[in-house]
Each structure stands twice: as C-alpha cells, then as structure tokens.
Amino acid sequence: MKNIIIFGAPGSGKGTYSEEIVKKYGMGHISTGDVLRGEIKAGTELGKIAKGFIDNGQLIPDELMIDILAATYDKFPAGQGVIFDGFPRTIPQAEALKKMLAERNHEMGVMVELIVAEDVLMARLLNRAIEQGRADDNEVTIKKRFDVYHNQTAPLAEWFEKEGMRHTFVWAEHPSKEAMLDAIFAYLDTI
C-alpha cells in the first residue's frame with residue numbers, strides 16, 4: 001500500500017477517516033496530534049515545548065516534527081504503508097517529509113484532502129471540546145487555528161497538486177461519514 005497523507009482543516013475528520021482507512025487497509029498510522037498529546041501527557045521536555053505552541057494555536061517547529069515522525073515511521077514494517085494524519089502542514093514540512101522518506105527509498109504516496117465548510121468545522125470542534133474535554137478546542141483558539149490553516153497550511157494543497165498527489169473529497173457532496181468513507185475507499189481501492 002502507498003503512504004497516504006490525510007489533509008484538511010481542523011475538525012475536518014482527519015483522525016476519524018484515518019482510523020477507518022487503517023482498519024480497512026491494515027496500514028500504520030501516525031497522528032501528529034496523538035503523538036504530541038502523548039508527549040505532553042508524559043511531561044517530556046518535547047511535550048512541554050509543544051504545549052506552549054499548541055496552547056497558542058501555533059504549529060510545532062518543523063525540525064522537531066520531522067525528528068518525531070522519522071522515529072515513529074521507522075517503527076512500522078517497510079511496505080506496510082503509513083497514513084500521515086496532521087502532517088505536513090506547510091510546504092517546507094512537505095519537502096522535509098519527502099526527503100525523509102526518499103532517504104528510506106519510500107515515496108510520499110497520495111494526499112487525501114477533506115473539504116468541509118467552516119461553520120460545520122466550528123460546530124464539530126466545539127462539540128469535541130465538550131465530549132473530550134480538550135482545552136485547545138475553544139472558540140478563540142479554534143479561530144486562531146483556522147487562521148493558521150488558511151495562511152500556512154491551505155497553500156500546501158497546491159504543492160500536492162503540482163506533485164500529482166492531490167485527491168479531494170468534499171463534505172457537501174458526501175454529507176455523512178459513511179458517504180465520505182465510501183468515496184475515499186472507492187478512490188483508495190484504485191491505487
């Protein structure tokens with residue numbers, strides 16, 4: 001299986017769809033959010049540094065994330081395919097990931113982009129804050145995260161387009177989890 005980069009704004013369902021893809025195809029899963037939350041919970045030095053960035057709605061420095069991802073990626077069997085959930089978020093990160101994978105004679109694979117209207121995203125994230133008790137999901141921080149996404153992350157979609165990796169799935173066209181999954185699976189079954 002090819003590597004997959006799942007891409008979308010905060011709340012677009014990257015984690016949810018990643019879990020389903022992993023179940024169906026038996027891939028590895030690297031969720032930068034889960035990795036970082038684990039470091040924060042463990043109180044590691046990395047976790048303390050990461051918490052400062054996350055609490056301010058900012059992205060983690062690239063060098064730090066690539067080192068974490070490389071160590072995590074290397075734990076999976078070669079050829080299994082890994083889904084990258086929440087990374088890359090900028091063009092320099094994408095280039096660094098491409099380089100890190102090339103050093104292992106692996107390719108980035110494909111990018112699955114989830115497009116969801118911002119009002120739907122806000123409602124999802126506020127609901128998640130209540131259900132999961134996530135302090136980083138409040139309206140002020142969410143708006144900062146949307147700004148960061150639009151200014152720093154969204155332009156990366158064009159980079160993936162130029163690389164021939166971009167495959168877009170729009171919630172408005174598949175307005176249920178099941179319909180989105182069916183569309184994503186139909187595409188992934190062809191690669």
# chains A, B, ... in the order shown; residues from 1 in each chain; ligands from 1
call {"tool": "closest_atom_pairs", "arguments": {"of": "segment 20-134 of chain A", "to": "segment 145-159 of chain A", "cutoff": "6 Å", "atoms": "only C-alpha atoms", "output": "JSON lines"}}
result
{"residue": "A:Gly57", "atom": "CA", "partner": "A:Arg145", "partner_atom": "CA", "distance": 5.3}
{"residue": "A:Arg89", "atom": "CA", "partner": "A:Thr153", "partner_atom": "CA", "distance": 4.8}
{"residue": "A:Thr90", "atom": "CA", "partner": "A:Thr153", "partner_atom": "CA", "distance": 5.1}
{"residue": "A:Ile91", "atom": "CA", "partner": "A:Leu156", "partner_atom": "CA", "distance": 5.4}
call {"tool": "residues_around", "arguments": {"residues": "Ala123 of chain A", "least_positions_apart": "4", "cutoff": "12 Å", "atoms": "only C-alpha atoms", "output": "count of residues only"}}
result
16
call {"tool": "closest_residue", "arguments": {"among": "A:Lys41, A:Lys98, A:Arg134, A:Lys75", "to": "Val110 of chain A", "atoms": "only C-alpha atoms"}}
result
A:Lys98
call {"tool": "closest_residue", "arguments": {"among": "A:Ile191, A:Met100, A:Ile49, A:Ile5", "to": "Pro61 of chain A", "atoms": "only C-alpha atoms"}}
result
A:Ile49
call {"tool": "residues_around", "arguments": {"residues": "segment 18-31 of chain A", "least_positions_apart": "6", "cutoff": "8 Å", "atoms": "only C-alpha atoms", "output": "number ranges by chain"}}
result
A: 1, 6, 69, 72-73, 76, 80-87, 181, 185
call {"tool": "closest_residue", "arguments": {"among": "A:Leu59, A:Ala172, A:Ala71, A:Leu188", "to": "Val120 of chain A", "atoms": "only C-alpha atoms"}}
result
A:Ala172
call {"tool": "select_by_dssp", "arguments": {"residues": "segment 10-168 of chain A", "states": "strand (DSSP E)", "output": "number ranges by chain"}}
result
A: 28-31, 82-85, 110-115, 166-168
call {"tool": "atom_distance", "arguments": {"atom1": "atom CA of Asp62 of chain A", "atom2": "atom CA of Arg124 of chain A"}}
result
27.5 Å
call {"tool": "select_by_dssp", "arguments": {"residues": "chain A", "states": "helix (DSSP H, G or I)", "output": "PyMOL selection string"}}
result
chain A and resi 14-25+32-42+45-55+62-73+91-102+118-132+139-153+156-162+171-173+177-188
call {"tool": "atom_distance", "arguments": {"atom1": "atom CA of Thr16 of chain A", "atom2": "atom CA of Asp34 of chain A"}}
result
12.5 Å
call {"tool": "decode", "arguments": {"residues": "segment 64-93 of chain A", "atoms": "C-alpha atoms", "output": "compact mmCIF listing (two decimals), in the first residue's frame"}}
result
# COMPACT_ATOMS: atom_id res chain seq x y z
CA LEU A 64 11.13 18.91 15.84
CA MET A 65 8.22 17.31 13.99
CA ILE A 66 10.40 15.63 11.33
CA ASP A 67 12.58 14.05 14.03
CA ILE A 68 9.49 12.75 15.86
CA LEU A 69 7.91 11.45 12.64
CA ALA A 70 11.09 9.74 11.43
CA ALA A 71 11.43 7.85 14.72
CA THR A 72 7.75 6.86 14.65
CA TYR A 73 7.78 5.93 10.93
CA ASP A 74 10.79 3.66 11.36
CA LYS A 75 8.83 1.51 13.83
CA PHE A 76 6.44 0.30 11.07
CA PRO A 77 7.28 -2.62 8.74
CA ALA A 78 8.59 -1.48 5.34
CA GLY A 79 5.95 -1.66 2.61
CA GLN A 80 3.01 -1.63 5.03
CA GLY A 81 2.09 1.92 4.07
CA VAL A 82 1.54 4.64 6.64
CA ILE A 83 -1.14 7.28 6.88
CA PHE A 84 0.17 10.68 8.00
CA ASP A 85 -2.58 12.43 9.93
CA GLY A 86 -1.92 16.10 10.68
CA PHE A 87 1.42 16.39 8.87
CA PRO A 88 2.72 18.03 6.76
CA ARG A 89 1.07 21.41 7.32
CA THR A 90 3.45 23.67 5.39
CA ILE A 91 5.42 23.43 2.14
CA PRO A 92 8.78 23.21 3.98
CA GLN A 93 7.35 20.34 6.08
